[in-house]
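Source file protein04.cif; content: mmCIF, C-alpha atoms.
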```cif
data_my_file
loop_
_atom_site.label_atom_id
_atom_site.label_comp_id
_atom_site.auth_asym_id
_atom_site.auth_seq_id
_atom_site.Cartn_x
_atom_site.Cartn_y
_atom_site.Cartn_z
CA MET A 6 0.00 0.00 0.00
CA ILE A 7 1.13 3.55 -0.74
CA THR A 8 -0.11 6.96 0.34
CA LYS A 9 -0.58 9.28 -2.62
CA GLY A 10 -2.10 12.72 -2.94
CA LYS A 11 -1.72 16.26 -4.22
CA SER A 12 -1.54 19.71 -2.68
CA GLY A 13 -2.27 22.03 -5.60
CA THR A 14 0.12 20.91 -8.32
CA ARG A 15 2.48 19.18 -5.87
CA LEU A 16 2.45 15.38 -5.84
CA ILE A 17 3.28 13.52 -2.61
CA ILE A 18 3.89 9.76 -2.50
CA ILE A 19 4.78 7.71 0.59
CA ALA A 20 5.69 4.07 0.00
CA SER A 21 4.89 1.36 2.51
CA PRO A 22 7.50 0.55 5.19
CA PHE A 23 9.76 -2.46 5.24
CA SER A 24 8.29 -5.25 7.33
CA LEU A 25 8.81 -8.89 8.22
CA ASP A 26 6.17 -9.82 5.64
CA GLY A 27 8.65 -8.94 2.91
CA ALA A 28 8.35 -6.38 0.13
CA SER A 29 4.91 -4.97 -0.62
CA ASP A 30 3.50 -4.91 -4.11
CA ASP A 31 4.67 -1.33 -4.65
CA ASP A 32 8.34 -2.32 -4.30
CA TYR A 33 10.17 -2.96 -7.54
CA LYS A 34 12.20 -6.04 -8.44
CA ALA A 35 13.79 -5.96 -11.85
CA PRO A 36 14.01 -9.09 -14.04
CA ASN A 37 17.50 -10.54 -14.61
CA LEU A 38 18.58 -8.49 -11.63
CA LEU A 39 21.90 -10.19 -10.93
CA GLN A 40 23.07 -9.72 -14.53
CA ARG A 41 22.15 -6.02 -14.40
CA ILE A 42 24.01 -5.51 -11.14
CA LEU A 43 27.13 -7.28 -12.38
CA GLY A 44 27.00 -5.15 -15.51
CA LEU A 45 26.60 -2.00 -13.44
CA PHE A 46 29.71 -2.85 -11.38
CA LYS A 47 31.91 -4.01 -14.30
CA ASN A 48 34.03 -0.85 -13.99
CA VAL A 49 34.11 -0.90 -10.19
CA GLY A 50 37.14 -2.43 -8.50
CA PRO A 51 37.72 -3.84 -5.02
CA GLY A 52 37.88 -1.11 -2.40
CA SER A 53 36.09 1.45 -4.60
CA ASP A 54 34.04 4.23 -2.99
CA LEU A 55 30.42 3.57 -3.99
CA THR A 56 28.87 6.66 -2.37
CA ARG A 57 29.10 8.51 -5.70
CA LEU A 58 27.65 5.71 -7.81
CA GLN A 59 24.47 6.87 -9.57
CA LEU A 60 21.84 4.16 -9.97
CA PRO A 61 19.27 4.20 -12.80
CA PRO A 62 15.62 4.06 -11.62
CA HIS A 63 15.44 0.32 -12.45
CA PHE A 64 17.51 -0.27 -9.32
CA ASN A 65 15.57 2.08 -7.03
CA MET A 66 12.73 1.34 -4.64
CA PRO A 67 10.13 4.16 -4.49
CA LYS A 68 11.45 5.84 -1.34
CA SER A 69 14.39 7.84 -0.07
CA GLN A 70 17.05 6.56 2.33
CA LEU A 71 15.71 9.14 4.81
CA GLN A 72 12.36 7.34 4.89
CA CYS A 73 14.10 3.97 5.34
CA PHE A 74 16.08 5.43 8.24
CA GLY A 75 12.99 6.99 9.84
CA GLU A 76 10.92 3.82 9.50
CA THR A 77 13.19 2.06 11.97
CA VAL A 78 11.90 4.46 14.62
CA TYR A 79 8.27 5.27 13.79
CA SER A 80 7.15 2.06 12.04
CA VAL A 81 6.68 -0.63 14.68
CA GLY A 82 3.81 -2.90 15.57
CA SER A 83 4.18 -2.81 19.36
CA ASP A 84 5.07 -0.04 21.81
CA MET A 85 8.65 -1.09 22.37
CA LEU A 86 9.88 2.44 23.07
CA GLY A 87 7.21 2.89 25.73
CA GLN A 88 8.31 -0.35 27.35
CA CYS A 89 11.80 1.14 27.76
CA THR A 90 10.38 3.89 29.96
CA ARG A 91 8.13 1.60 32.02
CA GLY A 92 10.80 -0.71 33.41
CA GLU A 93 10.86 -0.73 37.22
CA THR A 94 14.62 -1.19 37.53
CA SER A 95 17.60 -0.01 35.50
CA LEU A 96 18.18 -3.62 34.40
CA ASP A 97 14.56 -3.96 33.25
CA ARG A 98 14.92 -0.79 31.22
CA PHE A 99 18.24 -1.87 29.77
CA ILE A 100 16.79 -5.19 28.58
CA SER A 101 13.93 -3.28 26.93
CA VAL A 102 16.40 -0.97 25.18
CA VAL A 103 18.28 -4.01 23.86
CA ALA A 104 15.00 -5.46 22.54
CA TRP A 105 14.05 -2.14 20.97
CA SER A 106 17.45 -1.85 19.27
CA ILE A 107 16.86 -5.26 17.68
CA SER A 108 13.51 -4.02 16.34
CA THR A 109 15.27 -1.30 14.32
CA LEU A 110 16.58 -3.99 11.95
CA ARG A 111 14.38 -4.68 8.94
CA PRO A 112 14.80 -7.41 6.30
CA PRO A 113 17.02 -5.84 3.62
CA MET A 114 16.07 -6.14 -0.04
CA PHE A 115 18.51 -7.50 -2.58
CA GLY A 116 18.89 -5.70 -5.91
CA VAL A 117 17.08 -2.42 -5.23
CA ALA A 118 18.18 0.61 -3.22
CA PRO A 119 16.49 3.78 -1.93
CA TYR A 120 17.22 7.18 -3.42
CA ASN A 121 20.32 8.97 -2.18
CA PRO A 122 18.80 12.00 -0.35
CA VAL A 123 19.59 15.48 -1.68
CA LEU A 124 21.18 18.07 0.58
CA GLY A 125 18.62 19.58 2.95
CA GLU A 126 16.00 16.92 2.26
CA THR A 127 13.77 16.20 5.27
CA HIS A 128 11.35 13.54 6.46
CA HIS A 129 8.89 14.47 9.23
CA VAL A 130 6.47 11.87 10.62
CA SER A 131 4.54 11.36 13.88
CA ARG A 132 3.33 8.19 15.53
CA GLY A 133 1.03 9.02 18.41
CA THR A 134 2.99 11.41 20.64
CA LEU A 135 6.34 10.41 19.10
CA ASN A 136 7.50 13.03 16.61
CA VAL A 137 10.39 12.14 14.29
CA LEU A 138 12.40 14.52 12.10
CA LEU A 139 15.25 13.63 9.74
CA GLU A 140 17.45 15.89 7.63
CA GLN A 141 20.16 15.15 5.07
CA VAL A 142 23.00 17.28 6.43
CA SER A 143 25.63 16.24 3.87
CA HIS A 144 25.45 14.84 0.35
CA HIS A 145 29.08 13.82 -0.24
CA PRO A 146 29.62 11.96 1.97
CA PRO A 147 25.93 11.11 2.57
CA VAL A 148 25.14 11.95 6.20
CA SER A 149 21.64 11.75 7.71
CA ALA A 150 20.58 13.14 11.09
CA LEU A 151 17.56 12.12 13.16
CA HIS A 152 15.87 13.80 16.12
CA ALA A 153 12.81 12.35 17.83
CA THR A 154 10.96 13.41 20.96
CA ASP A 155 8.00 12.08 22.91
CA GLU A 156 6.92 14.41 25.69
CA GLU A 157 4.36 11.93 27.03
CA GLN A 158 6.87 9.09 27.29
CA ASN A 159 9.71 11.46 28.37
CA LEU A 160 12.20 10.23 25.81
CA GLU A 161 14.45 11.72 23.15
CA MET A 162 16.58 10.32 20.34
CA ALA A 163 19.47 11.97 18.50
CA TRP A 164 21.11 9.90 15.78
CA CYS A 165 23.72 10.52 13.13
CA GLN A 166 24.22 7.98 10.34
CA TYR A 167 26.57 7.85 7.37
CA PRO A 168 27.06 4.68 5.32
CA VAL A 169 30.51 3.79 3.99
CA PRO A 170 30.10 1.13 1.26
CA LYS A 171 32.99 -0.77 -0.27
CA PHE A 172 33.03 -3.22 -3.18
CA ILE A 173 35.00 -6.29 -2.09
CA GLY A 174 34.86 -8.72 -4.99
CA THR A 175 31.64 -10.73 -4.82
CA SER A 176 29.85 -8.44 -2.35
CA VAL A 177 29.31 -4.89 -1.18
CA GLU A 178 29.92 -4.27 2.52
CA THR A 179 28.40 -1.12 4.00
CA GLU A 180 29.64 0.05 7.38
CA VAL A 181 26.96 2.22 8.99
CA ARG A 182 28.92 4.76 11.00
CA GLY A 183 27.61 7.32 13.46
CA ILE A 184 26.35 7.65 17.01
CA ARG A 185 22.83 6.64 18.06
CA GLU A 186 21.62 7.88 21.43
CA LEU A 187 18.36 7.18 23.24
CA LYS A 188 17.58 9.25 26.35
CA LEU A 189 15.04 8.27 29.01
CA LEU A 190 14.62 11.75 30.46
CA LYS A 191 12.65 10.90 33.61
CA GLU A 192 15.21 8.29 34.67
CA GLY A 193 18.19 10.43 33.59
CA GLU A 194 19.60 7.56 31.52
CA SER A 195 21.33 7.75 28.14
CA TYR A 196 21.92 4.72 25.93
CA VAL A 197 24.54 4.94 23.19
CA MET A 198 24.71 2.31 20.46
CA ASN A 199 26.00 1.61 16.96
CA SER A 200 24.60 -0.28 13.98
CA PRO A 201 25.60 -3.59 12.32
CA LYS A 202 26.97 -3.68 8.78
CA LEU A 203 24.86 -4.35 5.70
CA VAL A 204 26.39 -6.94 3.38
CA ILE A 205 25.01 -7.46 -0.13
CA ARG A 206 26.25 -10.68 -1.72
CA PHE A 207 26.25 -11.42 -5.46
CA LEU A 208 27.91 -14.85 -5.37
CA PRO A 209 27.59 -17.73 -4.71
CA THR A 210 24.04 -17.02 -3.53
CA PRO A 211 22.58 -13.51 -4.04
CA GLY A 212 21.22 -11.93 -0.88
CA ALA A 213 21.54 -9.22 1.75
CA ASP A 214 22.08 -9.48 5.50
CA TRP A 215 22.86 -7.47 8.60
CA VAL A 216 26.10 -8.69 10.17
CA GLY A 217 28.68 -7.58 12.71
CA ASP A 218 28.99 -6.41 16.28
CA VAL A 219 26.77 -3.93 18.12
CA ARG A 220 27.53 -2.40 21.50
CA ILE A 221 24.95 -0.71 23.73
CA ARG A 222 26.02 1.09 26.88
CA CYS A 223 24.49 3.21 29.63
CA GLU A 224 27.08 5.18 31.60
CA GLU A 225 24.63 6.12 34.36
CA THR A 226 23.97 2.48 35.30
CA ASN A 227 27.26 0.89 34.16
CA LEU A 228 25.30 -1.63 32.12
CA GLU A 229 26.52 -2.73 28.72
CA ALA A 230 25.52 -5.18 26.00
CA GLU A 231 27.47 -6.88 23.25
CA LEU A 232 25.51 -8.30 20.30
CA CYS A 233 26.83 -10.26 17.34
CA TYR A 234 24.66 -10.48 14.21
CA LYS A 235 25.22 -13.18 11.61
CA GLY A 236 23.65 -13.70 8.19
CA GLY A 237 22.85 -16.89 6.33
CA SER A 238 25.36 -19.70 5.99
CA LEU A 239 26.53 -21.20 2.70
CA PHE A 240 24.69 -24.40 3.60
CA GLY A 241 21.41 -22.62 4.42
CA ARG A 242 21.12 -23.80 8.02
CA ARG A 243 17.82 -22.33 9.22
CA GLY A 244 18.79 -22.18 12.89
CA SER A 245 21.79 -19.92 12.28
CA TYR A 246 20.10 -17.68 9.71
CA ARG A 247 19.86 -14.07 10.94
CA SER A 248 21.06 -15.07 14.37
CA VAL A 249 21.95 -12.69 17.17
CA LYS A 250 23.99 -13.70 20.20
CA GLY A 251 25.54 -11.72 23.01
CA ARG A 252 25.42 -10.76 26.63
CA ILE A 253 24.43 -8.04 29.08
CA PHE A 254 27.09 -7.31 31.67
CA ASP A 255 28.29 -4.90 34.34
CA SER A 256 30.94 -2.71 32.71
CA LEU A 257 32.83 -2.23 35.98
CA SER A 258 33.17 -5.85 37.06
CA LEU A 259 32.73 -7.30 33.52
CA LYS A 260 30.41 -9.87 35.13
CA THR A 261 27.82 -11.32 32.74
CA ILE A 262 24.24 -10.88 33.97
CA TYR A 263 22.27 -12.20 30.97
CA GLU A 264 23.13 -14.18 27.86
CA ILE A 265 21.32 -13.20 24.65
CA ASP A 266 20.38 -15.74 21.98
CA GLY A 267 17.93 -15.94 19.11
CA ASN A 268 17.15 -14.75 15.59
CA TRP A 269 16.29 -11.12 14.97
CA ASP A 270 13.66 -12.03 12.36
CA ARG A 271 11.94 -14.46 14.78
CA THR A 272 12.43 -14.36 18.55
CA VAL A 273 15.22 -13.42 20.93
CA GLN A 274 15.61 -14.65 24.51
CA VAL A 275 17.78 -13.75 27.49
CA LYS A 276 19.04 -16.24 30.08
CA ASP A 277 19.61 -15.15 33.67
CA ILE A 278 23.11 -16.42 34.47
CA LYS A 279 22.47 -16.54 38.21
CA GLU A 280 19.06 -18.26 38.23
CA GLY A 281 19.10 -20.01 34.85
CA LYS A 282 15.69 -18.60 33.86
CA ILE A 283 15.00 -17.89 30.18
CA LYS A 284 12.54 -15.28 28.94
CA GLU A 285 11.60 -13.93 25.55
CA ILE A 286 12.39 -10.24 25.09
CA TYR A 287 11.65 -9.81 21.37
CA ASN A 288 9.14 -11.22 18.90
CA ALA A 289 9.61 -10.03 15.33
CA LYS A 290 6.05 -10.93 14.28
CA GLU A 291 4.67 -8.60 16.93
CA ALA A 292 7.19 -5.82 16.32
CA ILE A 293 7.79 -5.57 12.57
CA CYS A 294 4.97 -7.48 10.87
CA GLY A 295 2.02 -5.85 9.09
CA LEU A 296 3.38 -2.32 9.46
CA LYS A 297 1.08 0.51 8.37
CA THR A 298 1.93 3.12 5.76
CA PRO A 299 2.05 6.73 7.07
CA ILE A 300 -0.83 8.92 5.88
CA ILE A 301 -0.81 12.60 5.02
CA LYS A 302 -3.07 14.47 7.46
CA ASP A 303 -2.40 18.00 6.20
CA TYR A 304 -1.11 18.29 2.62
CA LYS A 305 -0.55 22.05 2.82
CA ALA A 306 1.66 21.67 5.89
CA VAL A 307 4.06 19.24 4.20
CA TRP A 308 7.41 20.98 3.70
CA GLN A 309 8.86 21.52 0.23
CA SER A 310 11.94 19.63 1.46
CA GLU A 311 9.94 16.50 2.38
CA SER A 312 11.31 13.28 0.84
CA ALA A 313 7.88 12.14 -0.30
CA ALA A 314 7.47 15.39 -2.25
CA ILE A 315 10.98 15.72 -3.72
CA TRP A 316 11.01 12.19 -5.17
CA SER A 317 7.28 11.86 -5.93
CA GLU A 318 7.58 12.03 -9.74
CA VAL A 319 10.36 9.43 -9.69
CA SER A 320 8.32 7.17 -7.40
CA GLU A 321 5.26 7.53 -9.61
CA GLY A 322 7.30 6.44 -12.63
CA ILE A 323 8.74 3.42 -10.78
CA LEU A 324 5.35 2.34 -9.44
CA SER A 325 3.79 2.54 -12.91
CA ARG A 326 6.85 0.89 -14.53
CA ASP A 327 7.23 4.00 -16.70
CA TRP A 328 11.03 3.93 -16.70
CA GLU A 329 11.51 6.86 -19.06
CA LYS A 330 9.37 9.07 -16.84
CA ALA A 331 11.30 7.89 -13.76
CA ARG A 332 14.65 8.50 -15.50
CA VAL A 333 13.73 12.05 -16.57
CA ALA A 334 12.32 12.89 -13.13
CA LYS A 335 15.37 11.53 -11.31
CA LYS A 336 17.72 13.43 -13.61
CA ALA A 337 15.74 16.62 -12.88
CA VAL A 338 16.11 16.17 -9.11
CA GLU A 339 19.86 15.53 -9.42
CA GLU A 340 20.44 18.42 -11.85
CA LYS A 341 18.56 20.81 -9.55
CA GLU A 342 20.87 19.86 -6.70
CA ARG A 343 23.94 20.43 -8.87
CA ASP A 344 22.59 23.84 -9.95
CA LEU A 345 22.05 24.87 -6.32
CA LEU A 346 25.61 23.78 -5.49
CA ARG A 347 27.03 25.87 -8.34
CA GLU A 348 24.99 28.89 -7.21
CA ARG A 349 26.30 28.61 -3.64
CA GLU A 350 29.87 28.23 -4.86
CA SER A 351 29.57 31.28 -7.14
CA ARG A 352 28.37 33.38 -4.19
CA GLY A 353 30.91 31.91 -1.79
CA GLU A 354 28.15 30.56 0.47
CA THR A 355 28.40 27.60 2.82
CA TRP A 356 25.25 25.50 3.19
CA LEU A 357 24.04 24.94 6.75
CA PRO A 358 21.34 22.51 7.98
CA LYS A 359 18.08 23.98 9.30
CA HIS A 360 17.54 21.51 12.12
CA PHE A 361 21.00 20.35 13.24
CA THR A 362 24.44 21.73 13.99
CA LEU A 363 27.43 19.80 12.69
CA SER A 364 30.76 19.00 14.29
CA HIS A 365 33.36 16.26 14.13
CA THR A 366 35.05 13.88 16.52
CA GLN A 367 38.81 13.80 16.94
CA GLU A 368 38.82 10.73 14.72
CA GLY A 369 37.01 12.62 11.94
CA GLY A 370 33.54 11.19 12.56
CA TRP A 371 30.37 13.25 12.20
CA LEU A 372 28.32 14.61 15.09
CA CYS A 373 24.82 16.03 14.50
CA SER A 374 23.20 17.96 17.37
CA PRO A 375 19.52 19.03 17.21
CA ILE A 376 18.99 22.79 17.17
CA HIS A 377 15.55 22.64 18.79
CA LYS A 378 14.67 20.99 22.08
CA ARG A 379 11.59 19.23 20.78
CA VAL A 380 10.26 17.98 17.46
CA PRO A 381 6.82 19.42 16.54
CA PRO A 382 3.93 17.18 15.45
CA ALA A 383 4.15 16.29 11.77
CA PRO A 384 1.56 16.62 8.97
CA VAL A 385 2.29 12.96 8.17
CA GLY A 386 1.23 10.35 10.71
CA VAL A 387 1.35 6.59 11.24
CA PRO A 388 -2.12 5.09 11.94
CA LEU A 389 -2.27 3.45 15.38
#
```
In structure tokens, write the structure found in this file.
Amino acid sequence: MITKGKSGTRLIIIASPFSLDGASDDDYKAPNLLQRILGLFKNVGPGSDLTRLQLPPHFNMPKSQLQCFGETVYSVGSDMLGQCTRGETSLDRFISVVAWSISTLRPPMFGVAPYNPVLGETHHVSRGTLNVLLEQVSHHPPVSALHATDEEQNLEMAWCQYPVPKFIGTSVETEVRGIRELKLLKEGESYVMNSPKLVIRFLPTPGADWVGDVRIRCEETNLEAELCYKGGSLFGRRGSYRSVKGRIFDSLSLKTIYEIDGNWDRTVQVKDIKEGKIKEIYNAKEAICGLKTPIIKDYKAVWQSESAAIWSEVSEGILSRDWEKARVAKKAVEEKERDLLRERESRGETWLPKHFTLSHTQEGGWLCSPIHKRVPPAPVGVPL
């Protein structure tokens, strides 16, 4: 299902979110996809920087990377964020945060990719009292910033994300860099975490998986978690497919409190090391199955910079399989961005984000800090 409408002459299209059910009927899968991809990468060598690679519309899904990023926060079937705030003890809350972090993973699609957001592009969506705002704060390299607030639940999120893809022979490995922070304001607790890598394999079996290590830590409670994500095996063993294993421990004594085991696309359990009890903390069918498409509540209030408006003509062409229309529309979006860049350079202007301030770590990483304390309600909302 998609949300489609017009405000005057402006077209707005919002594609359905990724879910455990798999791709919806508005997602595109090209025929002979593997051959097309191999042909596309014939001039790309191992270690090449793929952030500047321009994909034709045949390889695009009808949504921007900003929407994909935002969906991990506002598209969820159960109130996992609220559960984080309702835990009676710091350990209860930490376990809920671990479960919620697992829910931000969605089954990746092989062979199609979202649009690379243009500079200053935004995506603004609300789900109940949770208001989420994203902005593309850099185009080369592509850096996305997210700020979300929920005054009723007393929580805040500030994330910065920038993918670094590399072609390594028979696959593309994308390291998702950046800091993700979740704050439970009433409890005065901050949880900092990273993201696993996305690996797209061409041979021997085409596919895409989340893999790698994730660390979650809360300095206020000295609790920490280590998670290891693994993709499918060459022999297709079902039990190990999309597995996640790890532990929750005290960062001061390094003593393990819980062991974590399961599959992020099914269920995940924790085992109490002291008492031996096992309990389920995450069920993918409840969290990321049957997700609803956001709807536009106020067309006139949708910003000109909104992803669903900027890429609407391209999305319409992809959804109708009118590839020439999609190609022309995509070229127009990209040429407009290049024209704006040339204009700024001719005037000696430096572009600045509207919703975030930018800085860098000593190691050269990006830091994106929200300018405003709270995110306002959005004209686009997720049905509850």
Would you work out the distance separating CA of Pro67 (chain A) from CA of Ile323 (chain A), expressed in Å to one decimal?
->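 CA of Pro67 (chain A) sits 6.5 Å away from CA of Ile323 (chain A).
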Excluding Gly251 (chain A) and residues on its chain fewer than 5 positions from it, collect all residues at most 7 Å away from it, counting only C-alpha atoms, and give them as a ChimeraX atom specification.
-> /A:231-233,264-266
Could you state the separation of CA of Ile286 (chain A) and CA of Asn268 (chain A) in Å, given to one decimal place?
->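 Pair CA of Ile286 (chain A) / CA of Asn268 (chain A) returns 11.5 Å.
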Grab the CA of Gly295 (chain A) to CA of Val130 (chain A) distance for me, in Å with one decimal place.
->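 Taking CA of Gly295 (chain A) and CA of Val130 (chain A), their separation equals 18.3 Å.
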Can you turn the PyMOL selection byres ((chain A and resi 351-364) around 7) into a concrete residue list for this file, as a PyMOL selection string?
-> chain A and resi 125+142+347-350+365+371-376
Residues as selected, C-alpha atoms, written as a compact mmCIF listing (two decimals), keeping the file's coordinate frame, can you do that?
```txt
# COMPACT_ATOMS: atom_id res chain seq x y z
CA GLY A 125 18.62 19.58 2.95
CA VAL A 142 23.00 17.28 6.43
CA ARG A 347 27.03 25.87 -8.34
CA GLU A 348 24.99 28.89 -7.21
CA ARG A 349 26.30 28.61 -3.64
CA GLU A 350 29.87 28.23 -4.86
CA HIS A 365 33.36 16.26 14.13
CA TRP A 371 30.37 13.25 12.20
CA LEU A 372 28.32 14.61 15.09
CA CYS A 373 24.82 16.03 14.50
CA SER A 374 23.20 17.96 17.37
CA PRO A 375 19.52 19.03 17.21
CA ILE A 376 18.99 22.79 17.17
```
Residues selected by the PyMOL selection byres ((chain A and resi 258-260) around 12), written as a list in words =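 This file, filtered by the PyMOL selection byres ((chain A and resi 258-260) around 12), leaves Asn227, Leu228, Glu229, Ala230, Glu231, Arg252, Ile253, Phe254, Asp255, Ser256, Leu257, Thr261, Ile262, Tyr263, Glu264, Ile278 and Lys279 of chain A.
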